[in-house]
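Shown next: protein_23.cif, containing mmCIF, C-alpha atoms.
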```cif
data_structure
loop_
_atom_site.label_atom_id
_atom_site.label_comp_id
_atom_site.auth_asym_id
_atom_site.auth_seq_id
_atom_site.Cartn_x
_atom_site.Cartn_y
_atom_site.Cartn_z
CA MET A 24 -109.51 -156.46 134.10
CA LYS A 25 -105.72 -156.22 133.65
CA ILE A 26 -105.18 -156.52 137.43
CA LYS A 27 -107.32 -159.69 137.50
CA ILE A 28 -105.25 -161.24 134.72
CA LEU A 29 -101.98 -160.19 136.39
CA ILE A 30 -102.88 -161.57 139.84
CA SER A 31 -104.32 -164.79 138.37
CA GLY A 32 -101.21 -165.20 136.22
CA ILE A 33 -98.89 -164.81 139.23
CA ILE A 34 -100.89 -167.33 141.27
CA ALA A 35 -101.01 -169.82 138.39
CA THR A 36 -97.25 -169.42 137.81
CA LEU A 37 -96.43 -169.99 141.51
CA ILE A 38 -98.63 -173.10 141.63
CA MET A 39 -97.10 -174.59 138.49
CA LEU A 40 -93.58 -173.63 139.57
CA SER A 41 -93.97 -175.35 142.94
CA PHE A 42 -95.55 -178.36 141.18
CA PHE A 43 -92.60 -178.74 138.81
CA ILE A 44 -90.08 -178.26 141.63
CA ILE A 45 -91.69 -181.08 143.65
CA LYS A 46 -91.93 -183.35 140.59
CA THR A 47 -88.26 -182.68 139.75
CA VAL A 48 -87.10 -183.42 143.30
CA VAL A 49 -89.10 -186.69 143.33
CA LEU A 50 -87.87 -187.62 139.82
CA PHE A 51 -84.22 -187.35 140.85
CA ASP A 52 -84.88 -189.30 144.07
CA TYR A 53 -84.13 -186.40 146.37
CA MET A 54 -87.53 -186.99 147.95
CA GLU A 55 -89.63 -190.10 148.40
CA HIS A 56 -92.91 -190.26 146.41
CA THR A 57 -95.40 -190.49 149.26
CA LYS A 58 -99.16 -190.30 149.49
CA MET A 59 -98.82 -186.70 150.67
CA ILE A 60 -96.86 -185.85 147.51
CA GLU A 61 -99.61 -187.36 145.41
CA TRP A 62 -102.24 -185.25 147.19
CA TYR A 63 -100.08 -182.15 146.74
CA GLU A 64 -99.83 -182.85 143.00
CA TYR A 65 -103.56 -183.40 142.78
CA LEU A 66 -104.39 -180.19 144.68
CA SER A 67 -101.88 -178.23 142.57
CA VAL A 68 -103.75 -179.20 139.40
CA ILE A 69 -107.12 -178.33 141.02
CA LEU A 70 -105.87 -174.96 142.33
CA PHE A 71 -104.26 -174.14 138.97
CA MET A 72 -107.62 -174.50 137.23
CA LEU A 73 -109.16 -171.52 139.08
CA PRO A 74 -106.69 -168.76 137.95
CA PHE A 75 -106.47 -170.46 134.53
CA PHE A 76 -110.27 -170.20 134.23
CA ILE A 77 -110.20 -166.51 135.28
CA ILE A 78 -107.46 -165.69 132.75
CA THR A 79 -109.31 -167.49 129.95
CA LYS A 80 -112.57 -165.74 130.81
CA GLU A 81 -110.95 -162.30 130.86
CA PHE A 82 -109.25 -162.88 127.50
CA ILE A 83 -112.58 -163.95 126.01
CA ASN A 84 -114.16 -160.75 127.39
CA ILE A 85 -111.40 -158.66 125.82
CA ILE A 86 -111.93 -160.35 122.45
CA ASN A 87 -115.73 -159.95 122.67
CA LYS A 88 -115.36 -156.32 123.65
CA GLY A 89 -113.07 -155.73 120.66
CA ASN A 90 -115.58 -157.43 118.36
CA THR A 91 -118.44 -155.36 119.82
CA HIS A 92 -116.47 -152.15 119.38
CA ARG A 93 -115.57 -153.14 115.81
CA LYS A 94 -119.19 -153.99 115.10
CA SER A 95 -120.50 -150.70 116.55
CA THR A 96 -117.91 -148.75 114.51
CA GLU A 97 -118.96 -150.56 111.35
CA GLU A 98 -122.64 -149.92 112.13
CA LEU A 99 -121.92 -146.23 112.70
CA LEU A 100 -120.06 -146.01 109.39
CA ASN A 101 -122.81 -147.92 107.59
CA ASP A 102 -125.52 -145.62 108.96
CA SER A 103 -123.70 -142.37 108.18
CA ALA A 104 -121.75 -143.01 104.97
CA LEU A 105 -122.25 -144.30 101.43
CA ILE A 106 -120.02 -147.35 101.13
CA SER A 107 -119.23 -149.27 97.97
CA LYS A 108 -116.71 -151.84 96.84
CA ALA A 109 -115.54 -152.57 93.31
CA ASP A 110 -113.35 -155.27 91.73
CA ASN A 111 -110.05 -154.58 89.96
CA LYS A 112 -111.95 -153.64 86.79
CA GLY A 113 -114.07 -151.08 88.63
CA LYS A 114 -117.27 -153.17 88.62
CA ILE A 115 -119.43 -152.68 91.70
CA ILE A 116 -119.57 -155.76 93.94
CA TYR A 117 -121.10 -154.19 97.09
CA VAL A 118 -123.15 -151.16 98.10
CA ASN A 119 -124.65 -150.44 101.52
CA ASP A 120 -128.19 -149.25 102.27
CA LYS A 121 -127.13 -145.60 102.61
CA PHE A 122 -125.62 -145.72 99.12
CA CYS A 123 -128.92 -147.04 97.72
CA GLU A 124 -130.95 -144.49 99.69
CA VAL A 125 -129.03 -141.47 98.36
CA SER A 126 -128.49 -142.71 94.79
CA GLY A 127 -132.06 -143.96 94.39
CA TYR A 128 -130.91 -147.30 92.95
CA LYS A 129 -131.60 -150.77 94.33
CA ALA A 130 -128.50 -152.83 95.08
CA HIS A 131 -129.18 -155.31 92.26
CA GLU A 132 -129.38 -152.41 89.78
CA LEU A 133 -125.81 -151.39 90.62
CA LEU A 134 -124.00 -154.71 91.09
CA GLY A 135 -121.84 -155.58 88.09
CA LYS A 136 -121.85 -152.02 86.79
CA ASP A 137 -119.18 -149.40 87.22
CA HIS A 138 -119.59 -146.04 88.94
CA SER A 139 -120.08 -144.25 85.62
CA VAL A 140 -123.80 -144.94 86.08
CA LEU A 141 -123.65 -142.17 88.69
CA ASN A 142 -121.48 -139.83 86.62
CA SER A 143 -123.02 -136.37 86.36
CA GLY A 144 -120.53 -135.18 83.74
CA LYS A 145 -119.45 -132.34 86.01
CA GLN A 146 -115.96 -133.80 86.45
CA PRO A 147 -113.62 -133.99 83.42
CA LYS A 148 -111.87 -137.22 82.42
CA GLU A 149 -108.60 -135.92 83.88
CA PHE A 150 -110.29 -135.77 87.29
CA TRP A 151 -110.71 -139.57 87.37
CA THR A 152 -107.26 -140.11 85.89
CA GLN A 153 -105.83 -138.35 88.93
CA MET A 154 -107.91 -140.62 91.17
CA TYR A 155 -106.42 -143.71 89.47
CA ILE A 156 -102.87 -142.37 89.73
CA ALA A 157 -103.29 -141.52 93.42
CA THR A 158 -104.90 -144.81 94.46
CA VAL A 159 -103.10 -147.34 92.22
CA LYS A 160 -99.74 -145.83 91.37
CA TYR A 161 -99.04 -144.11 94.69
CA LYS A 162 -101.32 -146.35 96.82
CA SER A 163 -102.66 -143.36 98.71
CA ILE A 164 -106.19 -142.45 99.73
CA TRP A 165 -107.84 -140.09 97.24
CA ASN A 166 -110.24 -137.48 98.59
CA GLU A 167 -112.26 -135.00 96.52
CA ILE A 168 -115.72 -133.43 96.33
CA VAL A 169 -117.71 -135.19 93.61
CA VAL A 170 -121.01 -134.24 91.95
CA ASN A 171 -122.99 -137.41 91.18
CA LYS A 172 -126.34 -138.05 89.52
CA ASP A 173 -129.05 -140.19 91.13
CA LYS A 174 -131.51 -142.50 89.38
CA LYS A 175 -133.96 -139.62 88.76
CA GLY A 176 -131.22 -137.52 87.16
CA ASP A 177 -130.93 -135.12 90.09
CA GLU A 178 -127.47 -134.10 91.21
CA TYR A 179 -126.14 -134.84 94.68
CA ILE A 180 -122.75 -133.95 96.13
CA VAL A 181 -120.48 -136.27 98.09
CA ASP A 182 -117.19 -135.91 99.91
CA SER A 183 -115.54 -139.01 98.43
CA TRP A 184 -112.68 -141.12 99.82
CA ILE A 185 -111.34 -143.95 97.62
CA LYS A 186 -108.63 -146.50 98.39
CA ALA A 187 -107.25 -149.25 96.14
CA GLU A 188 -106.72 -152.71 97.66
CA PHE A 189 -103.87 -155.10 96.81
CA ASP A 190 -103.09 -158.75 97.57
CA GLN A 191 -99.88 -160.12 99.10
CA ASN A 192 -98.27 -160.13 95.65
CA ASP A 193 -99.02 -156.43 95.26
CA LYS A 194 -101.66 -157.13 92.62
CA LEU A 195 -104.68 -154.81 92.44
CA THR A 196 -107.77 -156.62 93.77
CA GLY A 197 -110.30 -153.79 93.89
CA TYR A 198 -111.41 -150.51 95.41
CA ILE A 199 -113.30 -149.42 98.49
CA SER A 200 -115.09 -146.07 98.58
CA VAL A 201 -116.54 -144.14 101.51
CA ARG A 202 -118.64 -141.08 100.71
CA HIS A 203 -120.53 -138.54 102.80
CA ASP A 204 -123.57 -136.80 101.36
CA ILE A 205 -122.90 -133.06 101.69
CA THR A 206 -125.57 -131.84 99.27
CA GLU A 207 -127.47 -129.85 101.90
CA LEU A 208 -124.28 -128.35 103.32
CA ILE A 209 -123.21 -127.15 99.88
CA LYS A 210 -126.68 -125.71 99.21
CA GLN A 211 -126.59 -123.89 102.55
CA LYS A 212 -123.13 -122.54 101.76
CA GLN A 213 -124.32 -121.32 98.36
CA GLU A 214 -127.37 -119.68 99.97
CA ILE A 215 -125.17 -117.96 102.55
CA GLU A 216 -122.83 -116.74 99.81
CA LYS A 217 -125.80 -115.40 97.84
CA ASN A 218 -127.24 -113.67 100.91
CA ASN A 219 -123.82 -112.25 101.74
CA ALA A 220 -123.59 -110.84 98.22
CA TYR A 221 -126.99 -109.15 98.70
CA LEU A 222 -125.96 -107.89 102.12
CA GLU A 223 -122.67 -106.51 100.85
CA HIS A 224 -124.48 -104.80 97.97
CA ALA A 225 -126.99 -103.28 100.41
CA ALA A 226 -124.12 -102.20 102.64
CA LYS A 227 -122.43 -100.55 99.66
CA ILE A 228 -125.62 -98.63 98.86
CA LEU A 229 -125.85 -97.56 102.48
CA ARG A 230 -122.21 -96.50 102.73
CA HIS A 231 -122.15 -94.53 99.51
CA ASP A 232 -125.61 -93.52 98.35
CA MET A 233 -127.33 -92.89 101.71
CA HIS A 234 -124.25 -91.02 102.87
CA SER A 235 -124.94 -88.35 100.25
CA GLY A 236 -128.49 -87.78 101.51
CA ILE A 237 -127.84 -87.88 105.27
CA ASN A 238 -124.50 -86.08 105.36
CA THR A 239 -124.67 -83.81 102.32
CA TYR A 240 -128.02 -82.94 100.72
CA ILE A 241 -130.25 -82.77 103.83
CA PRO A 242 -127.73 -80.69 105.89
CA ARG A 243 -127.21 -78.31 102.92
CA GLY A 244 -130.96 -77.99 102.41
CA LEU A 245 -131.55 -77.27 106.10
CA ASN A 246 -128.75 -74.69 106.24
CA SER A 247 -130.04 -73.05 103.03
CA LEU A 248 -133.54 -72.84 104.50
CA LYS A 249 -132.24 -71.22 107.70
CA ARG A 250 -130.21 -68.66 105.73
CA ARG A 251 -133.31 -67.60 103.81
CA LEU A 252 -135.38 -67.19 106.95
CA THR A 253 -134.52 -64.48 109.46
CA GLU A 254 -135.09 -65.18 113.14
CA ASP A 255 -138.06 -62.79 113.05
CA LYS A 256 -139.51 -64.62 110.06
CA ILE A 257 -139.07 -67.97 111.81
CA LYS A 258 -140.91 -66.63 114.85
CA GLU A 259 -143.56 -65.05 112.65
CA LEU A 260 -144.21 -68.37 110.90
CA ASN A 261 -144.01 -70.18 114.25
CA ILE A 262 -141.63 -72.84 112.87
CA GLU A 263 -138.91 -72.78 115.56
CA ALA A 264 -140.03 -76.16 116.90
CA PRO A 265 -140.19 -77.91 113.48
CA ILE A 266 -136.75 -76.61 112.53
CA LYS A 267 -135.32 -77.74 115.87
CA LEU A 268 -136.89 -81.17 115.37
CA LEU A 269 -135.38 -81.35 111.89
CA GLU A 270 -131.95 -80.46 113.27
CA GLU A 271 -132.15 -82.94 116.13
CA GLY A 272 -133.61 -85.63 113.88
CA LEU A 273 -130.83 -85.11 111.35
CA SER A 274 -128.20 -85.21 114.10
CA HIS A 275 -129.59 -88.47 115.46
CA ALA A 276 -129.91 -89.98 111.96
CA GLN A 277 -126.26 -89.11 111.29
CA LYS A 278 -125.20 -90.87 114.51
CA VAL A 279 -127.29 -93.93 113.70
CA TYR A 280 -125.99 -93.92 110.12
CA ALA A 281 -122.41 -93.78 111.41
CA GLY A 282 -123.05 -96.90 113.54
CA VAL A 283 -124.75 -98.81 110.74
CA LYS A 284 -122.01 -97.78 108.30
CA GLU A 285 -119.31 -99.10 110.64
CA PHE A 286 -121.25 -102.32 111.18
CA THR A 287 -121.72 -102.94 107.46
CA ASN A 288 -118.03 -102.31 106.93
CA LEU A 289 -117.43 -105.54 108.83
CA VAL A 290 -119.17 -107.45 106.01
CA LYS A 291 -116.13 -106.87 103.84
CA LYS A 292 -113.56 -109.67 103.76
CA ASP A 293 -110.63 -109.25 106.17
CA ALA A 294 -112.25 -106.12 107.62
CA VAL A 295 -110.68 -104.74 110.80
CA LEU A 296 -112.69 -102.75 113.34
CA ASP A 297 -111.57 -99.12 113.45
CA LYS A 298 -111.01 -98.25 117.13
CA LYS A 299 -109.62 -95.29 119.02
CA PRO A 300 -109.54 -94.05 122.64
CA ILE A 301 -112.85 -92.37 123.54
CA GLN A 302 -114.25 -90.72 126.66
CA LEU A 303 -117.23 -93.05 126.99
CA SER A 304 -119.38 -90.89 129.29
CA SER A 305 -119.17 -87.84 127.00
CA VAL A 306 -119.69 -89.89 123.86
CA LEU A 307 -122.79 -91.61 125.26
CA THR A 308 -124.25 -88.38 126.59
CA ASN A 309 -123.81 -86.71 123.21
CA TYR A 310 -125.26 -89.76 121.41
CA LEU A 311 -128.38 -89.80 123.60
CA LYS A 312 -129.07 -86.06 123.86
CA SER A 313 -131.45 -85.98 120.90
CA THR A 314 -133.40 -89.07 121.99
CA ALA A 315 -136.76 -88.93 123.76
CA TYR A 316 -135.45 -91.07 126.61
CA ALA A 317 -132.21 -89.20 127.38
CA GLY A 318 -133.67 -87.95 130.69
CA GLN A 319 -134.23 -91.52 131.87
CA VAL A 320 -130.56 -92.46 131.58
CA ASP A 321 -128.10 -91.69 134.38
CA ILE A 322 -124.47 -91.90 133.20
CA ASP A 323 -121.59 -91.93 135.70
CA GLU A 324 -117.94 -91.32 134.87
CA LEU A 325 -116.86 -94.30 132.76
CA GLY A 326 -113.31 -93.39 131.85
CA ILE A 327 -111.54 -93.85 128.53
CA ILE A 328 -111.88 -97.02 126.47
CA ASN A 329 -110.46 -98.10 123.12
CA ALA A 330 -113.50 -98.64 120.89
CA ASN A 331 -115.33 -97.77 117.71
CA GLU A 332 -117.40 -94.77 118.83
CA ALA A 333 -120.41 -95.32 116.57
CA LEU A 334 -120.69 -99.05 117.20
CA ILE A 335 -120.17 -99.03 120.96
CA CYS A 336 -122.85 -96.33 121.24
CA THR A 337 -125.19 -98.43 119.08
CA ALA A 338 -124.63 -101.48 121.31
CA ILE A 339 -125.09 -99.68 124.64
CA ASP A 340 -128.08 -97.75 123.28
CA ASN A 341 -129.72 -101.10 122.47
CA LEU A 342 -129.21 -102.22 126.09
CA ILE A 343 -130.66 -98.92 127.32
CA ARG A 344 -133.75 -99.20 125.12
CA ASN A 345 -134.31 -102.81 126.21
CA GLY A 346 -134.03 -101.75 129.86
CA LEU A 347 -136.70 -99.09 129.33
CA LYS A 348 -138.88 -101.11 126.95
CA TYR A 349 -139.23 -104.27 129.03
CA ASN A 350 -140.02 -102.33 132.18
CA ASP A 351 -143.28 -102.14 134.12
CA ASN A 352 -141.96 -99.68 136.70
CA SER A 353 -143.78 -96.35 136.93
CA SER A 354 -140.42 -94.59 137.05
CA LYS A 355 -138.28 -96.25 134.36
CA ILE A 356 -134.60 -95.59 134.74
CA VAL A 357 -131.30 -96.94 133.40
CA ARG A 358 -128.05 -96.28 135.17
CA ILE A 359 -124.64 -96.74 133.55
CA TYR A 360 -121.64 -96.90 135.83
CA LYS A 361 -118.24 -98.47 136.24
CA GLU A 362 -117.22 -101.23 138.63
CA GLU A 363 -113.77 -102.54 139.48
CA ASP A 364 -111.74 -104.51 136.93
CA ASN A 365 -112.85 -102.33 133.99
CA MET A 366 -116.45 -103.47 134.17
CA ILE A 367 -119.08 -101.22 132.55
CA VAL A 368 -122.54 -101.90 134.03
CA VAL A 369 -125.89 -101.09 132.39
CA GLU A 370 -128.48 -101.50 135.16
CA ASP A 371 -132.24 -101.01 134.83
CA ASN A 372 -135.18 -101.27 137.20
CA GLY A 373 -137.27 -103.38 134.82
CA ARG A 374 -138.40 -107.01 134.86
CA GLY A 375 -134.95 -108.45 135.36
CA MET A 376 -133.06 -111.11 133.48
CA THR A 377 -130.84 -113.98 134.63
CA GLN A 378 -127.68 -115.11 132.84
CA GLU A 379 -129.55 -118.15 131.51
CA GLN A 380 -132.35 -115.96 130.09
CA PHE A 381 -129.76 -113.56 128.69
CA GLU A 382 -128.02 -116.37 126.82
CA ASN A 383 -131.34 -117.62 125.46
CA TYR A 384 -132.55 -114.18 124.30
CA SER A 385 -129.13 -113.58 122.74
CA LYS A 386 -129.95 -116.11 120.02
CA PRO A 387 -131.31 -114.66 116.74
CA TYR A 388 -135.10 -114.28 116.60
CA VAL A 389 -135.62 -115.62 120.14
CA ARG A 390 -138.04 -113.65 122.31
CA ASN A 391 -140.06 -114.20 125.46
CA ASN A 392 -143.51 -115.25 124.29
CA ASP A 393 -145.06 -113.56 127.33
CA ASN A 394 -143.78 -110.12 126.30
CA LYS A 395 -146.56 -107.79 125.22
CA GLU A 396 -144.06 -105.54 123.46
CA SER A 397 -143.29 -106.10 119.78
CA GLY A 398 -139.80 -106.89 118.50
CA THR A 399 -137.74 -109.01 116.10
CA GLY A 400 -135.47 -110.79 118.56
CA LEU A 401 -132.37 -109.50 116.77
CA GLY A 402 -131.39 -106.41 118.78
CA LEU A 403 -129.64 -108.18 121.65
CA ASN A 404 -127.92 -110.62 119.28
CA ILE A 405 -126.47 -107.76 117.22
CA CYS A 406 -125.52 -105.85 120.36
CA ILE A 407 -123.53 -108.82 121.68
CA ALA A 408 -121.87 -109.28 118.28
CA ILE A 409 -120.64 -105.66 118.45
CA ILE A 410 -119.36 -106.12 122.00
CA LYS A 411 -117.47 -109.29 121.08
CA GLU A 412 -116.12 -107.71 117.89
CA HIS A 413 -114.35 -105.25 120.20
CA GLY A 414 -112.81 -108.14 122.15
CA PHE A 415 -115.00 -107.39 125.18
CA SER A 416 -117.13 -109.94 127.06
CA ILE A 417 -120.70 -109.51 128.27
CA GLY A 418 -122.91 -111.17 130.89
CA CYS A 419 -126.03 -110.52 132.94
CA GLU A 420 -127.38 -110.97 136.46
CA LEU A 421 -130.35 -109.81 138.49
CA SER A 422 -129.84 -106.53 140.33
CA GLU A 423 -130.84 -105.90 143.94
CA ASN A 424 -133.91 -103.93 142.80
CA GLY A 425 -135.10 -106.85 140.69
CA GLY A 426 -133.96 -105.40 137.36
CA SER A 427 -131.10 -106.47 135.11
CA LYS A 428 -127.39 -105.78 135.51
CA ILE A 429 -125.66 -106.23 132.18
CA LYS A 430 -121.90 -106.21 132.61
CA ILE A 431 -119.43 -105.46 129.85
CA LYS A 432 -115.87 -106.50 130.64
CA ILE A 433 -113.52 -104.11 128.86
#
```

Could the structure of this file be written out as structure tokens, please?
Amino acid sequence: MKIKILISGIIATLIMLSFFIIKTVVLFDYMEHTKMIEWYEYLSVILFMLPFFIITKEFINIINKGNTHRKSTEELLNDSALISKADNKGKIIYVNDKFCEVSGYKAHELLGKDHSVLNSGKQPKEFWTQMYIATVKYKSIWNEIVVNKDKKGDEYIVDSWIKAEFDQNDKLTGYISVRHDITELIKQKQEIEKNNAYLEHAAKILRHDMHSGINTYIPRGLNSLKRRLTEDKIKELNIEAPIKLLEEGLSHAQKVYAGVKEFTNLVKKDAVLDKKPIQLSSVLTNYLKSTAYAGQVDIDELGIINANEALICTAIDNLIRNGLKYNDNSSKIVRIYKEEDNMIVVEDNGRGMTQEQFENYSKPYVRNNDNKESGTGLGLNICIAIIKEHGFSIGCELSENGGSKIKIKI
């Protein structure tokens, strides 16, 4: 568009310049006014009309485009915001449809009244005094969260922007207000805060009260029982297996508790993950030794990583259990090994999962509807959260045997 105007302008200028040069030469009798000169003048005017028409057309297009853009912006604002205008006495002279929709009033019920009809009483008088000072005295845009009351008496919350308008003599002529209804956002925030309070309370119970049972009372009770029973008595009562199960169950519960405890610690504000260098192969082997599926997991040398022992074991254990759970192979196996560039790989011989499926199943409560196995759809989401909390990245691809290769970049 700009090139068209530029080229047409140059052509029009050259035509008019040559026309004026010829007319000047003829006027001062340096050249005789012949029939050919007359034709040249006539053709100059005709040829000038074409670039002039192009320039005019392009300018009209620019103006129309600006008007269209302005109109679409106004329509967008009208559809998304509550807009009102008031005179210099604060009386409402205009409200848009969105304003009426949210407030519950018809336009004619609001015109001529001031905004106090919407006042919920939640804001003190000083609040509105500050609005007046900001908009009229300092001529700035005032922005605050305001609790209003609709026609039914129900409260709604708006993010309010108010600007005073002045004439050329600096006299106040009125106000324009743009508000966004954020009632649902505030309710969601309050619900999240309430749920977080419950979660933090539950985490506190877990960290303190359950700790006593899992790490103090049950171990003491088990040790006391073993002291009172001689090895012969244990054999006589045939309770070696139950005692071993109790010991292994307690050991596993303590490991799981340690992971959950560390995870709930992150609920606390400004919490920092406690990490230290760990020998990952040894830690995982020890973590899995009391599980029923330890024999189905093949762990290679993985080296030393800087991580929270309990949480990283919880995350990788979730990947292991998924690899064994969603697996139709007669010989279910999960192999954990290290690739180049500090990549830890958890590979199974199950149904397989692409990166796209992995991203989808990573969302909370999302599961494959075709799966016959039960589940909540939260395990993978929590696992990924733990991995990312460490500053690691995670992805997935299909392995050569058709299973999944989940890669953790350390």

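Interatomic distance, atom CA of A:Ile228 to atom CA of A:Ala330: 25.1 Å.
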
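Atom pair atom CA of A:Met376 / atom CA of A:Gly398: separated by 17.0 Å.
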
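When all atoms listed in the file are used to compute distances to A:Val283, the closest of the residues A:Glu332, A:Asp351, A:Glu167, A:Glu254 turns out to be A:Glu332.
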
**Prompt:** Of the residues A:Ile356, A:Leu403, A:Ile241, A:Ala281, which is the one nearest to A:Gly426, using only C-alpha atoms?
**Reply:** A:Ile356

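Take the candidates A:His224, A:Lys278, A:Arg374, A:Lys411 and check each one against A:Ser427 using all atoms listed in the file; the shortest distance goes to A:Arg374.
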
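Using only C-alpha atoms, the set of residues no farther than 10 Å from the position (-135.5, -99.1, 143.8) comprises Asn352, Ser354, Ile356, Asp371, Asn372, Ser422, Glu423, Asn424, Gly425 and Gly426 of chain A.
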
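For the residues A:Val181, A:Ala315, A:Ser416, A:Tyr280, ranking by smallest atom-to-atom distance to A:Leu208 using only C-alpha atoms places A:Val181 first.
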
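Put simply, atom CA of A:Val389 is 15.3 Å away from atom CA of A:Thr377.
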
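Residues with at least one atom no more than 9 Å from (-115.6, -92.6, 115.9), using all atoms listed in the file, are A:Ala281, A:Gly282, A:Asp297, A:Lys298, A:Lys299, A:Ile301, A:Ala330, A:Asn331, A:Glu332, A:Ala333, A:Leu334.
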
A:Ala109: which residues within 10 Å, counting all atoms listed in the file, same-chain residues fewer than 5 positions away excluded, as a PDB file with C-alpha atoms, keeping the file's coordinate frame?
```
ATOM      1  CA  LYS A 114    -117.270-153.170  88.620  1.00  0.00           C
ATOM      2  CA  ILE A 115    -119.430-152.680  91.700  1.00  0.00           C
ATOM      3  CA  ILE A 116    -119.570-155.760  93.940  1.00  0.00           C
ATOM      4  CA  TYR A 117    -121.100-154.190  97.090  1.00  0.00           C
ATOM      5  CA  VAL A 118    -123.150-151.160  98.100  1.00  0.00           C
ATOM      6  CA  LEU A 134    -124.000-154.710  91.090  1.00  0.00           C
ATOM      7  CA  GLY A 135    -121.840-155.580  88.090  1.00  0.00           C
ATOM      8  CA  LYS A 136    -121.850-152.020  86.790  1.00  0.00           C
ATOM      9  CA  ASP A 137    -119.180-149.400  87.220  1.00  0.00           C
ATOM     10  CA  HIS A 138    -119.590-146.040  88.940  1.00  0.00           C
ATOM     11  CA  ALA A 187    -107.250-149.250  96.140  1.00  0.00           C
ATOM     12  CA  GLU A 188    -106.720-152.710  97.660  1.00  0.00           C
ATOM     13  CA  THR A 196    -107.770-156.620  93.770  1.00  0.00           C
ATOM     14  CA  GLY A 197    -110.300-153.790  93.890  1.00  0.00           C
ATOM     15  CA  TYR A 198    -111.410-150.510  95.410  1.00  0.00           C
ATOM     16  CA  ILE A 199    -113.300-149.420  98.490  1.00  0.00           C
ATOM     17  CA  SER A 200    -115.090-146.070  98.580  1.00  0.00           C
TER      18      SER A 200
END
```

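For the residues A:Leu269, A:Leu303, A:Ile343, A:Cys406, ranking by smallest atom-to-atom distance to A:Gly318 using all atoms listed in the file places A:Ile343 first.
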
**Message:** Take the PyMOL selection byres ((chain A and resi 342) around 10), run it mentally on this structure, and tell me the resulting residues as an MDAnalysis selection string.
**Reply:** chainID A and resid 336:341 343:348 357 369:371 402:403 406:407 429

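Candidate residues A:Glu270, A:Asp52, A:Glu64, A:Asp177 were compared for distance to A:Leu40, and the nearest is A:Glu64, using all atoms listed in the file.
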
**Message:** Which residues would end up in the selection if the PyMOL selection byres ((chain A and resi 72-79) around 12) were applied here, given that I need the answer as a ChimeraX atom specification?
**Reply:** /A:24-39,65-71,80-86

**Request:** Do a neighbour search on A:Gly414 at 12 Å with all atoms listed in the file, toss out local chain neighbours closer than 4 positions, and write the hits as a VMD selection string.
**Result:** chain A and resid 296 298 328 to 331 335 407 to 410 431 to 433

If the box runs along x, y and z of the file and leaves 8 Å on each side of stretch 124-138 of chain A, what are its centre and edge lengths in Å, one decimal, as JSON?
```
{"center_x": -125.6, "center_y": -148.5, "center_z": 93.2, "size_x": 28.9, "size_y": 30.1, "size_z": 28.9}
```

**Message:** Once the PyMOL selection byres ((chain A and resi 158) around 12) has been evaluated on this model, what residues remain selected, and can you format them as number ranges by chain?
**Reply:** A: 111, 151-157, 159-166, 184-189, 195, 197-200
